[in-house]
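Below is model_20.txt, holding compact mmCIF, C-alpha atoms.
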```
# COMPACT_ATOMS: atom_id res chain seq x y z
CA MET A 1 60.24 42.28 138.87
CA ALA A 2 60.75 39.77 136.10
CA ASN A 3 62.82 42.34 134.20
CA ARG A 4 65.43 42.75 136.96
CA LYS A 5 69.09 42.42 135.97
CA ARG A 6 69.99 41.18 139.41
CA THR A 7 67.87 38.26 140.49
CA TYR A 8 69.87 36.95 143.45
CA GLN A 9 69.45 38.39 146.91
CA LYS A 10 71.65 38.16 150.04
CA ILE A 11 70.47 39.26 153.47
CA VAL A 12 72.78 40.86 156.00
CA ARG A 13 71.91 41.67 159.60
CA PHE A 14 73.48 44.39 161.77
CA ASN A 15 73.38 45.30 165.42
CA GLU A 16 72.77 48.94 166.33
CA GLU A 17 76.47 49.84 166.60
CA GLU A 18 77.28 48.25 163.23
CA LEU A 19 74.36 50.03 161.62
CA MET A 20 75.58 53.39 162.92
CA LEU A 21 79.08 52.69 161.59
CA LEU A 22 77.60 51.66 158.24
CA SER A 23 75.61 54.90 158.08
CA LYS A 24 78.75 56.95 158.76
CA LYS A 25 80.70 55.11 156.07
CA MET A 26 77.87 55.51 153.57
CA SER A 27 77.69 59.24 154.26
CA LEU A 28 81.45 59.54 153.74
CA SER A 29 81.05 57.91 150.35
CA ASN A 30 78.15 60.22 149.42
CA THR A 31 75.93 57.19 148.88
CA LYS A 32 72.41 57.04 150.21
CA ASN A 33 71.44 53.76 148.56
CA PHE A 34 72.50 50.82 150.74
CA GLU A 35 72.17 48.25 147.96
CA GLN A 36 74.44 50.27 145.68
CA TYR A 37 76.98 50.89 148.48
CA ALA A 38 76.99 47.24 149.60
CA ARG A 39 77.40 45.94 146.06
CA LYS A 40 80.32 48.29 145.37
CA MET A 41 82.07 47.44 148.65
CA LEU A 42 81.48 43.70 148.39
CA LEU A 43 82.63 43.43 144.80
CA ASN A 44 85.38 46.06 144.70
CA GLY A 45 86.37 46.48 148.35
CA LEU A 46 89.88 45.70 149.52
CA VAL A 47 90.33 42.34 151.24
CA ILE A 48 93.16 42.20 153.76
CA HIS A 49 94.39 38.90 155.14
CA LYS A 50 96.83 38.89 158.03
CA ASP A 51 98.75 35.81 159.11
CA PHE A 52 99.22 35.94 162.87
CA SER A 53 100.65 32.44 163.28
CA ASP A 54 104.03 33.82 164.38
CA ILE A 55 102.32 35.96 167.02
CA ARG A 56 100.46 32.89 168.27
CA GLU A 57 103.84 31.16 168.62
CA SER A 58 105.13 34.18 170.56
CA ILE A 59 102.12 33.99 172.88
CA LEU A 60 102.84 30.30 173.46
CA GLN A 61 106.46 31.17 174.29
CA ILE A 62 105.31 33.90 176.69
CA THR A 63 103.00 31.40 178.38
CA ARG A 64 105.87 28.94 178.81
CA ILE A 65 108.13 31.64 180.21
CA GLY A 66 105.36 32.75 182.58
CA THR A 67 105.03 29.15 183.77
CA ASN A 68 108.78 28.96 184.39
CA ILE A 69 108.73 32.25 186.30
CA ASN A 70 105.82 31.02 188.44
CA GLN A 71 107.66 27.79 189.24
CA ILE A 72 110.77 29.73 190.25
CA ALA A 73 108.67 32.16 192.33
CA LYS A 74 107.00 29.23 194.10
CA LYS A 75 110.41 27.74 194.83
CA VAL A 76 111.75 31.09 196.11
CA ASN A 77 108.70 31.57 198.34
CA GLY A 78 109.22 28.10 199.78
CA THR A 79 112.98 28.37 200.35
CA ASN A 80 113.49 32.15 200.59
CA SER A 81 116.46 31.86 198.22
CA VAL A 82 117.28 31.98 194.51
CA ASN A 83 120.12 30.00 193.00
CA ARG A 84 122.25 30.76 189.96
CA GLU A 85 120.55 28.07 187.86
CA ASP A 86 117.15 29.68 188.38
CA MET A 87 118.55 33.08 187.43
CA ASN A 88 120.17 31.61 184.30
CA ILE A 89 116.85 30.04 183.30
CA LEU A 90 115.08 33.38 183.77
CA LEU A 91 117.75 35.22 181.77
CA SER A 92 117.64 32.66 178.98
CA ASN A 93 113.85 32.83 178.84
CA TYR A 94 113.95 36.62 178.79
CA GLN A 95 116.47 36.68 175.94
CA GLN A 96 114.44 34.13 173.97
CA LEU A 97 111.27 36.13 174.54
CA SER A 98 112.94 39.38 173.46
CA GLU A 99 114.24 37.81 170.26
CA GLU A 100 110.88 36.19 169.49
CA LEU A 101 108.92 39.40 170.02
CA GLN A 102 111.40 41.52 168.08
CA SER A 103 111.33 39.08 165.18
CA SER A 104 107.53 38.94 165.14
CA LEU A 105 107.11 42.69 165.37
CA LEU A 106 109.69 43.43 162.68
CA LYS A 107 108.08 40.87 160.39
CA HIS A 108 104.68 42.55 160.74
CA ILE A 109 106.12 46.04 160.32
CA TYR A 110 107.88 45.11 157.10
CA ASP A 111 104.97 43.00 155.81
CA ASP A 112 102.69 46.04 156.09
CA ARG A 113 104.84 48.13 153.76
```

Just dump the structure as C-alpha cells.
Amino acid sequence: MANRKRTYQKIVRFNEEELMLLSKKMSLSNTKNFEQYARKMLLNGLVIHKDFSDIRESILQITRIGTNINQIAKKVNGTNSVNREDMNILLSNYQQLSEELQSSLLKHIYDDR
C-alpha cells in the first residue's frame, strides 16, 4: 500500500434508498467500481447553485397576506359584514402577491436558460 498514488481517503455513508439510487446511476454510467465512479463525479460533476432568496421573500409576503385575510375573516365573522376598506386591502394584497410571484417565477425561468 505504500506505492499507492492516492493516499487520502474519505468515507461516505448512504441509507438504503440512496444506495439503490447510486447503484442505478452507476449502472447507467457503465461503471462497476464505486471508487472510480465517485472520484469522477466528485471531481468532474456539475455543481448547481440556486439562489432562492426571492422565493423566500415571496413566501414572507404570502404569509403577511394570509395574516391580513385571517384578520378580515375574523372581523367579518364577528360583524357579519365586509366594508370597502377591507375589500381594497384584499385587492391590494392580491395584486402585490400576483406581481411578486410572477416576478419570482419569471426570474427563475430565465435564470435556468

>> Would you compute the distance between CA of Gly78 (chain A) and CA of Leu90 (chain A)? Give it in Å to one decimal.
In response: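 Distance reported for this atom pair: 17.8 Å.
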
> To one decimal place, how far is CA of Arg39 (chain A) from CA of Arg6 (chain A) in Å?
Replying inline: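 Straight-line distance from CA of Arg39 (chain A) to CA of Arg6 (chain A) works out to 11.0 Å.
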
> So how far away is CA of Ile65 (chain A) from CA of Ser98 (chain A), in Å?
Replying inline: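 Answer for the CA of Ser98 (chain A) to CA of Ile65 (chain A) separation: 11.3 Å.
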
> Nearest to Ile69 (chain A) among A:Ile55, A:Leu91, A:Ala38, A:Leu19, with distances taken over only C-alpha atoms: which residue is it?
Replying inline: A:Leu91

>> When you look at region 57-60 of chain A with a cut-off of 8 Å (counting all atoms listed in the file), what residues show up, excluding the ones that are within fewer than 4 positions of it in the same chain? I need them as a list in words.
In response: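 With the cut-off at 8 Å, the set is Ser53, Arg64, Leu97, Glu100, Leu101 and Ser104 of chain A.
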